[in-house]
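Structure first, commentary second.
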Amino acid sequence: MGDPSPVSAGSLRTYYGQPVLKQPEWTWEVPWYLFTGGLAGASTGLAWGARTTGRPGLAATSRLIGATAAAVSPVLLVMDLGRPQRFINMLRVFKPTSAMSMGSWLLSAFVPAALSSGVLGATGRLPRTQRLAEGAAAVLGLPMCTYTAVLLADSSIPVWHEARHHLPFVFAGSAAAGAGAVATLLAPAAEVPPARRLAVAGAVGELVAAEVMKHRLGRLADPYHQGGAGRWARAATACTASGATLLTLPGRPRGERRSPGMSVGASLGAALVLAGGICQRWAVFRAGFASAADPRYTVGPQRERRRAQAG
Amino acid sequence: MSGLIGPEGGPAPGATGVRFGFFTDSSICIGCKACEVACKEWNGVPDHPLDFTANSYDNTGTLGANAWRHVAFVEQGTTTSGRGGNGPGAGAADFRWLMSSDVCKHCSSPACLEVCPTGALFTTEFGTVVVQDDVCNGCGYCVTACPFGVIERRESDGGAWKCTMCYDRMRGAREPACAQACPTDSIQFGPLDELRVRASARLAEVVAAGEERAQLYGHDQTDGVGGTGALFLLLDDPEVYRLPPDPVTPTRRLARMWAMAGAAAGALAALLAGSLAGGTGGGRHR
């Protein structure tokens, strides 16, 4: 639905301006989960890649970031349920038509893998099991970063559903940027360059995908330009763009003894990229609420389709 | 009357496997809200605070966890001001009421059911869509999926609730409470195939009587939700009654969505590989 005209009210009729759709029931845990799930998924991938390319320091750091984010993720999801004590019902069926069912199964495989890889890696025990877990977490980590886009897109909320082809790329870019940024901040300086490259590449991907998404949404993207979601979206763009710029500058090393090779600019850049990714998830989340609240977003495109069908 | 309907107005014994539904003929709805009351009484649907919306006689607001029937009131045209008293037809030359009792559509391809991760939502032997409250864990996914904004999480218990088409009454060979209570037969219950025929015939009558904008809603089985188990005869476009004009079950596009998510995961893998390329880090110091 790239047509920019559907929402141009004018002749649109609604029932006392009331929404057709319900507001999502989801609360603050969900955007944070979008963030932690992406951070965990991309970090485990980075950990595996760093180890296999001979960067043990970066691997160790990313492994721990991945394990930490993986540990937090299911807690956030359970907290968001209306009946948290029944979280286990998520594993009652295996249902390909439900992105949440598939996500639950994915998470049930990913979290143990990421956690055992992290714990075994830190303690140095069972190296073969650790490598197996690390490989599994890296593979499962990739869909962890993007399935959440399907989760949102498979809904009747126009700003999510009509972004179904672009949202996965926004989340993939954001996940890469986040994992690269945290590793840039925490990894041993000598092994930071790949993390820094990942942060910059992810940030660029995120920015480009988000702009394409908004452009293709046309007027349906209005929530990204106004109100609360608009503020999150502007903050996301500003933080991610400035952070990525700082990360590409050569920068002077700060206090050589403390952190050789890392500049103040690079640290600030990484923090900004990270903040941008968080804002991006909140922007997408809040845009869904605004999109559901205004009946014009629902009725407009549908009325256009009916007119087109009628000839 | 078909043999599929028993003496109590519900599905006759042995009528399982037949799809049942509602036909709500808004042209004879008088806005009495008996359907709303009967539904609440029978199903033990919680009260919600009385709120004066100033939207005509609609003080129920919207379908939701605590309102499984909702009568919409639309005032069209203008009354002549001041004069004319309260008598029938006073100053009402170009004024009309639209009233219609809305309900869960019991879609042929129900989005709520398809996205439910616990299997709490299921299709009954009567072709209706029902939530099993003892399975639902309140994830709220059905709420974002429903293209009609019907199903909702109940604040008091955290579970998702909506019309069951009185599944318990149907199993007891009785018709749903709203249909039984409706004094004008605006809400009719029966086997969907028969209702579809009846709805088409009624539309022809209403159009012949001069209602040019009259139309059936949910009748087209090639629409985005595969047609609905609750049919409506409306006197104006659906959106006037807050019904989406061309609803689509979002899961219809799920295969493509998974493909895009897979492509994005591939792109992420490429980003990781690209960042890590450029020599091993072992012993490399800048």
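Labels used: A, B, ... for chains in the order of the structure tokens, numbers from 1 for residues in each chain, and numbers from 1 for ligands as shown.
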Near-Ala290 of chain A list (9 Å; only C-alpha atoms; drop same-chain fewer than 6 positions) as a list in words: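 Answer for this query is Gln23, Val159, Pro223, Gly227, Gly228 and Ala229 of chain A.
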Please dump the current selection as a compact mmCIF listing (two decimals), in the first residue's frame; keep N, CA and C atoms.
```txt
# COMPACT_ATOMS: atom_id res chain seq x y z
N GLN A 23 -6.80 -1.08 20.53
CA GLN A 23 -5.40 -0.78 20.85
C GLN A 23 -4.71 -2.09 21.23
N VAL A 159 -0.07 0.42 10.20
CA VAL A 159 1.34 0.85 10.14
C VAL A 159 2.29 -0.33 10.35
N PRO A 223 1.93 8.34 11.78
CA PRO A 223 2.31 8.21 13.19
C PRO A 223 3.81 8.37 13.44
N GLY A 227 3.26 13.27 17.22
CA GLY A 227 2.95 12.72 18.54
C GLY A 227 4.11 11.96 19.17
N GLY A 228 3.77 11.06 20.07
CA GLY A 228 4.77 10.32 20.83
C GLY A 228 5.65 9.45 19.96
N ALA A 229 5.02 8.70 19.03
CA ALA A 229 5.81 7.84 18.15
C ALA A 229 6.74 8.69 17.28
```
Within 9 Å of Ile65 of chain A using only C-alpha atoms, minus same-chain residues under 6 positions, as a ChimeraX atom specification: /A:39-40,43-44,118,179,182-183
Ser26 of chain B environment, 8 Å, only C-alpha atoms, sequence neighbours closer than 3 positions dropped, as number ranges by chain: B: 29, 98-101, 186, 232-235
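Residues in contact with Trp282 of chain A at 9 Å, where only C-alpha atoms are counted and same-chain residues fewer than 2 positions away are skipped, are listed as Trp28, Val30, Pro31, Trp32, Leu34, Ala229, Trp232, Ala233, Ala236, Gly277, Ile278, Cys279, Gln280, Val284, Phe285, Arg286 and Ala287 of chain A.
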Could you build a table of the residues in segment 146-237 of chain B lying no more than 9 Å from segment 106-128 of chain B, giving for each the nearest pair of atoms and their separation in Å rounded to one decimal place, using only C-alpha atoms, ordered by chain and ascending residue number, as JSON lines?
```
{"residue": "B:Cys146", "atom": "CA", "partner": "B:Cys112", "partner_atom": "CA", "distance": 5.6}
{"residue": "B:Pro147", "atom": "CA", "partner": "B:Ala111", "partner_atom": "CA", "distance": 7.7}
{"residue": "B:Ile151", "atom": "CA", "partner": "B:Cys112", "partner_atom": "CA", "distance": 7.9}
{"residue": "B:Cys163", "atom": "CA", "partner": "B:His106", "partner_atom": "CA", "distance": 8.7}
{"residue": "B:Thr164", "atom": "CA", "partner": "B:Thr128", "partner_atom": "CA", "distance": 7.3}
{"residue": "B:Met165", "atom": "CA", "partner": "B:Thr128", "partner_atom": "CA", "distance": 7.1}
{"residue": "B:Tyr167", "atom": "CA", "partner": "B:Thr128", "partner_atom": "CA", "distance": 8.2}
{"residue": "B:Met170", "atom": "CA", "partner": "B:Phe126", "partner_atom": "CA", "distance": 8.4}
{"residue": "B:Pro191", "atom": "CA", "partner": "B:Phe126", "partner_atom": "CA", "distance": 8.9}
{"residue": "B:Gly218", "atom": "CA", "partner": "B:Cys107", "partner_atom": "CA", "distance": 8.5}
{"residue": "B:Gln221", "atom": "CA", "partner": "B:Ser108", "partner_atom": "CA", "distance": 8.2}
{"residue": "B:Gly224", "atom": "CA", "partner": "B:Ser109", "partner_atom": "CA", "distance": 8.6}
{"residue": "B:Val225", "atom": "CA", "partner": "B:Ser109", "partner_atom": "CA", "distance": 5.4}
{"residue": "B:Gly226", "atom": "CA", "partner": "B:Ser108", "partner_atom": "CA", "distance": 5.1}
{"residue": "B:Gly227", "atom": "CA", "partner": "B:Ser108", "partner_atom": "CA", "distance": 5.7}
{"residue": "B:Thr228", "atom": "CA", "partner": "B:Cys107", "partner_atom": "CA", "distance": 4.2}
{"residue": "B:Gly229", "atom": "CA", "partner": "B:His106", "partner_atom": "CA", "distance": 4.9}
{"residue": "B:Ala230", "atom": "CA", "partner": "B:His106", "partner_atom": "CA", "distance": 6.2}
```
Prev. selection, C-alpha atoms, output as a CSV table (one decimal), in the first residue's frame:
```
chain,number,residue,atom,x,y,z
B,146,CYS,CA,-8.7,-9.1,14.6
B,147,PRO,CA,-9.5,-6.8,11.7
B,151,ILE,CA,-11.8,-9.5,20.8
B,163,CYS,CA,-18.9,-13.7,21.7
B,164,THR,CA,-19.2,-17.5,21.7
B,165,MET,CA,-22.5,-17.5,19.8
B,167,TYR,CA,-21.8,-22.2,22.5
B,170,MET,CA,-26.2,-24.3,21.2
B,191,PRO,CA,-27.6,-22.7,9.6
B,218,GLY,CA,-19.9,-10.6,5.3
B,221,GLN,CA,-17.0,-15.6,0.6
B,224,GLY,CA,-10.4,-10.9,2.8
B,225,VAL,CA,-11.8,-13.0,5.7
B,226,GLY,CA,-13.4,-15.7,3.5
B,227,GLY,CA,-16.9,-14.4,4.4
B,228,THR,CA,-18.3,-14.3,7.9
B,229,GLY,CA,-20.5,-16.5,10.1
B,230,ALA,CA,-22.4,-13.3,11.2
```
Backbone DSSP call of helix (DSSP H, G or I) for segment 2-156 of chain A, listed as a PyMOL selection string: chain A and resi 29-52+56-80+84-91+99-123+127-153
Please produce an output containing C-alpha atoms for each residue in the selection, written as an mmCIF file, in the first residue's frame.
```cif
data_model
loop_
_atom_site.group_PDB
_atom_site.id
_atom_site.type_symbol
_atom_site.label_atom_id
_atom_site.label_comp_id
_atom_site.auth_asym_id
_atom_site.auth_seq_id
_atom_site.Cartn_x
_atom_site.Cartn_y
_atom_site.Cartn_z
ATOM 1 C CA GLU A 29 8.037 -4.951 28.127
ATOM 2 C CA VAL A 30 7.396 -5.515 24.412
ATOM 3 C CA PRO A 31 9.568 -2.749 22.891
ATOM 4 C CA TRP A 32 12.316 -3.671 25.333
ATOM 5 C CA TYR A 33 11.999 -7.268 24.253
ATOM 6 C CA LEU A 34 12.267 -6.213 20.612
ATOM 7 C CA PHE A 35 15.556 -4.631 21.652
ATOM 8 C CA THR A 36 16.952 -7.383 23.917
ATOM 9 C CA GLY A 37 15.936 -10.135 21.489
ATOM 10 C CA GLY A 38 17.779 -8.381 18.666
ATOM 11 C CA LEU A 39 20.795 -7.619 20.827
ATOM 12 C CA ALA A 40 20.971 -11.219 22.022
ATOM 13 C CA GLY A 41 20.539 -12.679 18.547
ATOM 14 C CA ALA A 42 23.146 -10.519 16.830
ATOM 15 C CA SER A 43 25.616 -10.775 19.733
ATOM 16 C CA THR A 44 25.648 -14.569 19.665
ATOM 17 C CA GLY A 45 26.287 -14.394 15.922
ATOM 18 C CA LEU A 46 29.122 -11.949 16.504
ATOM 19 C CA ALA A 47 30.552 -14.179 19.252
ATOM 20 C CA TRP A 48 30.700 -17.197 16.976
ATOM 21 C CA GLY A 49 32.151 -15.187 14.114
ATOM 22 C CA ALA A 50 34.756 -13.557 16.355
ATOM 23 C CA ARG A 51 35.927 -16.884 17.733
ATOM 24 C CA THR A 52 36.197 -18.535 14.342
ATOM 25 C CA PRO A 56 38.884 -14.462 21.493
ATOM 26 C CA GLY A 57 38.422 -11.216 23.383
ATOM 27 C CA LEU A 58 35.603 -9.970 21.165
ATOM 28 C CA ALA A 59 34.087 -13.463 21.239
ATOM 29 C CA ALA A 60 34.088 -13.568 25.041
ATOM 30 C CA THR A 61 32.519 -10.139 25.330
ATOM 31 C CA SER A 62 29.815 -10.793 22.736
ATOM 32 C CA ARG A 63 29.044 -14.163 24.286
ATOM 33 C CA LEU A 64 28.364 -12.538 27.640
ATOM 34 C CA ILE A 65 26.299 -9.745 26.085
ATOM 35 C CA GLY A 66 24.306 -12.346 24.193
ATOM 36 C CA ALA A 67 23.756 -14.471 27.286
ATOM 37 C CA THR A 68 22.678 -11.496 29.383
ATOM 38 C CA ALA A 69 20.224 -10.193 26.799
ATOM 39 C CA ALA A 70 18.948 -13.734 26.236
ATOM 40 C CA ALA A 71 18.328 -14.149 29.972
ATOM 41 C CA VAL A 72 16.300 -10.949 30.160
ATOM 42 C CA SER A 73 14.162 -11.617 27.071
ATOM 43 C CA PRO A 74 11.827 -14.362 28.317
ATOM 44 C CA VAL A 75 11.319 -12.512 31.593
ATOM 45 C CA LEU A 76 10.021 -9.501 29.686
ATOM 46 C CA LEU A 77 7.706 -11.673 27.596
ATOM 47 C CA VAL A 78 6.237 -13.475 30.584
ATOM 48 C CA MET A 79 5.706 -10.185 32.413
ATOM 49 C CA ASP A 80 3.688 -8.869 29.483
ATOM 50 C CA PRO A 84 1.885 -14.722 33.505
ATOM 51 C CA GLN A 85 1.449 -17.905 35.567
ATOM 52 C CA ARG A 86 0.252 -19.610 32.386
ATOM 53 C CA PHE A 87 3.296 -18.758 30.256
ATOM 54 C CA ILE A 88 3.973 -22.457 29.723
ATOM 55 C CA ASN A 89 0.798 -22.713 27.598
ATOM 56 C CA MET A 90 2.919 -21.092 24.884
ATOM 57 C CA LEU A 91 4.476 -24.532 24.398
ATOM 58 C CA ALA A 99 4.401 -15.889 14.801
ATOM 59 C CA MET A 100 4.158 -15.837 18.576
ATOM 60 C CA SER A 101 4.028 -19.627 18.755
ATOM 61 C CA MET A 102 7.022 -19.931 16.439
ATOM 62 C CA GLY A 103 8.818 -17.244 18.415
ATOM 63 C CA SER A 104 8.163 -19.069 21.675
ATOM 64 C CA TRP A 105 9.702 -22.250 20.308
ATOM 65 C CA LEU A 106 12.601 -20.328 18.836
ATOM 66 C CA LEU A 107 13.196 -18.600 22.157
ATOM 67 C CA SER A 108 13.011 -21.915 24.031
ATOM 68 C CA ALA A 109 15.853 -23.213 21.906
ATOM 69 C CA PHE A 110 17.853 -20.006 21.689
ATOM 70 C CA VAL A 111 17.915 -18.972 25.349
ATOM 71 C CA PRO A 112 19.397 -22.232 26.722
ATOM 72 C CA ALA A 113 21.971 -22.236 23.915
ATOM 73 C CA ALA A 114 23.005 -18.622 24.482
ATOM 74 C CA LEU A 115 23.089 -19.044 28.258
ATOM 75 C CA SER A 116 25.116 -22.241 28.264
ATOM 76 C CA SER A 117 27.502 -20.808 25.686
ATOM 77 C CA GLY A 118 27.989 -17.758 27.889
ATOM 78 C CA VAL A 119 28.344 -19.579 31.184
ATOM 79 C CA LEU A 120 30.573 -22.375 29.841
ATOM 80 C CA GLY A 121 32.649 -19.856 27.934
ATOM 81 C CA ALA A 122 33.217 -17.750 31.035
ATOM 82 C CA THR A 123 34.054 -20.719 33.253
ATOM 83 C CA PRO A 127 34.687 -26.705 25.777
ATOM 84 C CA ARG A 128 33.104 -29.004 23.197
ATOM 85 C CA THR A 129 29.600 -28.474 24.597
ATOM 86 C CA GLN A 130 30.330 -24.771 24.722
ATOM 87 C CA ARG A 131 31.236 -24.700 21.036
ATOM 88 C CA LEU A 132 28.145 -26.642 20.137
ATOM 89 C CA ALA A 133 25.960 -24.242 22.136
ATOM 90 C CA GLU A 134 27.758 -21.272 20.627
ATOM 91 C CA GLY A 135 27.121 -22.492 17.106
ATOM 92 C CA ALA A 136 23.469 -23.215 17.851
ATOM 93 C CA ALA A 137 22.982 -19.801 19.442
ATOM 94 C CA ALA A 138 24.590 -18.107 16.437
ATOM 95 C CA VAL A 139 22.290 -19.868 13.977
ATOM 96 C CA LEU A 140 19.147 -19.358 16.062
ATOM 97 C CA GLY A 141 20.190 -15.800 16.779
ATOM 98 C CA LEU A 142 19.603 -14.700 13.191
ATOM 99 C CA PRO A 143 15.838 -15.380 13.163
ATOM 100 C CA MET A 144 15.662 -14.069 16.743
ATOM 101 C CA CYS A 145 16.482 -10.648 15.309
ATOM 102 C CA THR A 146 13.849 -10.642 12.575
ATOM 103 C CA TYR A 147 10.912 -12.863 13.596
ATOM 104 C CA THR A 148 9.653 -10.060 15.838
ATOM 105 C CA ALA A 149 8.967 -8.057 12.685
ATOM 106 C CA VAL A 150 6.596 -10.809 11.559
ATOM 107 C CA LEU A 151 5.052 -10.777 15.025
ATOM 108 C CA LEU A 152 4.073 -7.128 14.559
ATOM 109 C CA ALA A 153 3.335 -7.278 10.833
#
```
Those in segment 48-243 of chain B with strand (DSSP E) from DSSP, as a PyMOL selection string: chain B and resi 69-78+94-103+121-123+129-131+152-153+160-161+187-191+215-217+230-234
Residue contacts of Gly82 of chain A (7 Å, only C-alpha atoms) excluding same-chain residues fewer than 6 positions away, as a list in words: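 Final neighbour list, sorted by chain and number: Asn137, Gly138, Cys139, Gly158 and Gly159 of chain B.
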Residue nearest Phe148 of chain B among B:Pro244, B:Gly6, B:Pro11, B:Gly262 (counting only C-alpha atoms):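 Among B:Pro244, B:Gly6, B:Pro11, B:Gly262, it is B:Pro244 that comes nearest to Phe148 of chain B.
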Straight-line distance linking atom CA of Pro13 of chain B with atom CA of Asp168 of chain B, stated in Å to one decimal: 13.8 Å
Which residues, written as a short mmCIF file (atom, residue, chain, number, x, y, z; two decimals) with N, CA and C atoms, in the first residue's frame, have at least one atom at most 7 Å from Thr237 of chain A, with only C-alpha atoms counted and residues fewer than 4 positions away on the same chain left out?
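Written output follows (out.cif):
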```cif
data_model
loop_
_atom_site.label_atom_id
_atom_site.label_comp_id
_atom_site.auth_asym_id
_atom_site.auth_seq_id
_atom_site.Cartn_x
_atom_site.Cartn_y
_atom_site.Cartn_z
N LEU A 207 18.85 2.78 9.25
CA LEU A 207 18.36 4.09 8.79
C LEU A 207 17.73 4.00 7.41
N ALA A 233 10.71 8.38 16.87
CA ALA A 233 11.30 8.17 15.54
C ALA A 233 12.38 9.21 15.24
N ALA A 241 22.12 8.20 13.43
CA ALA A 241 22.93 8.87 12.40
C ALA A 241 24.16 9.53 13.01
N GLY A 276 19.86 4.85 19.75
CA GLY A 276 19.03 4.96 18.54
C GLY A 276 18.22 3.70 18.29
#
```
Residue among A:Arg13, A:Thr97, A:Leu198, A:Val212 lying closest to Asp154 of chain A, counting only C-alpha atoms: A:Thr97
Among listed residues B:Asp220, B:Asp102, B:Asp25, B:Glu8, nearest Asp185 of chain B (using only C-alpha atoms): B:Asp25
Ala201 of chain B environment, 12 Å, only C-alpha atoms, sequence neighbours closer than 4 positions dropped, as a PDB file with N, CA and C atoms, in the first residue's frame:
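part_27.pdb, written as the output of this step:
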```pdb
ATOM      1  N   ASP B  25     -30.432  -8.262  10.507  1.00  0.00           N
ATOM      2  CA  ASP B  25     -31.109  -7.427   9.520  1.00  0.00           C
ATOM      3  C   ASP B  25     -31.334  -6.053  10.142  1.00  0.00           C
ATOM      4  N   GLU B 194     -28.650 -21.439   5.006  1.00  0.00           N
ATOM      5  CA  GLU B 194     -30.029 -20.930   4.901  1.00  0.00           C
ATOM      6  C   GLU B 194     -30.071 -19.424   5.127  1.00  0.00           C
ATOM      7  N   LEU B 195     -29.270 -18.967   6.075  1.00  0.00           N
ATOM      8  CA  LEU B 195     -29.246 -17.528   6.362  1.00  0.00           C
ATOM      9  C   LEU B 195     -28.752 -16.744   5.154  1.00  0.00           C
ATOM     10  N   ARG B 196     -27.795 -17.313   4.453  1.00  0.00           N
ATOM     11  CA  ARG B 196     -27.235 -16.623   3.277  1.00  0.00           C
ATOM     12  C   ARG B 196     -28.317 -16.426   2.213  1.00  0.00           C
ATOM     13  N   VAL B 197     -29.126 -17.454   2.015  1.00  0.00           N
ATOM     14  CA  VAL B 197     -30.214 -17.366   1.033  1.00  0.00           C
ATOM     15  C   VAL B 197     -31.240 -16.331   1.503  1.00  0.00           C
ATOM     16  N   GLU B 205     -35.665  -7.362  -1.380  1.00  0.00           N
ATOM     17  CA  GLU B 205     -36.882  -6.671  -0.909  1.00  0.00           C
ATOM     18  C   GLU B 205     -36.590  -5.236  -0.493  1.00  0.00           C
ATOM     19  N   VAL B 206     -35.527  -5.096   0.280  1.00  0.00           N
ATOM     20  CA  VAL B 206     -35.214  -3.783   0.846  1.00  0.00           C
ATOM     21  C   VAL B 206     -34.794  -2.806  -0.260  1.00  0.00           C
ATOM     22  N   VAL B 207     -34.039  -3.314  -1.215  1.00  0.00           N
ATOM     23  CA  VAL B 207     -33.630  -2.458  -2.331  1.00  0.00           C
ATOM     24  C   VAL B 207     -34.857  -2.067  -3.159  1.00  0.00           C
ATOM     25  N   ALA B 208     -35.740  -3.036  -3.372  1.00  0.00           N
ATOM     26  CA  ALA B 208     -36.959  -2.763  -4.135  1.00  0.00           C
ATOM     27  C   ALA B 208     -37.827  -1.722  -3.430  1.00  0.00           C
ATOM     28  N   GLN B 215     -27.005  -3.046   1.518  1.00  0.00           N
ATOM     29  CA  GLN B 215     -25.995  -4.019   1.094  1.00  0.00           C
ATOM     30  C   GLN B 215     -25.819  -5.088   2.154  1.00  0.00           C
ATOM     31  N   LEU B 216     -25.327  -6.250   1.705  1.00  0.00           N
ATOM     32  CA  LEU B 216     -25.010  -7.307   2.648  1.00  0.00           C
ATOM     33  C   LEU B 216     -23.539  -7.177   3.052  1.00  0.00           C
ATOM     34  N   LEU B 233     -27.348  -7.096   7.113  1.00  0.00           N
ATOM     35  CA  LEU B 233     -27.941  -6.294   6.060  1.00  0.00           C
ATOM     36  C   LEU B 233     -27.853  -4.856   6.546  1.00  0.00           C
TER      37      LEU B 233
END
```
For atom CA of Pro168 of chain A and atom CA of Ala261 of chain B, the interatomic separation in Å (one decimal):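 Going from atom CA of Pro168 of chain A over to atom CA of Ala261 of chain B covers 5.2 Å.
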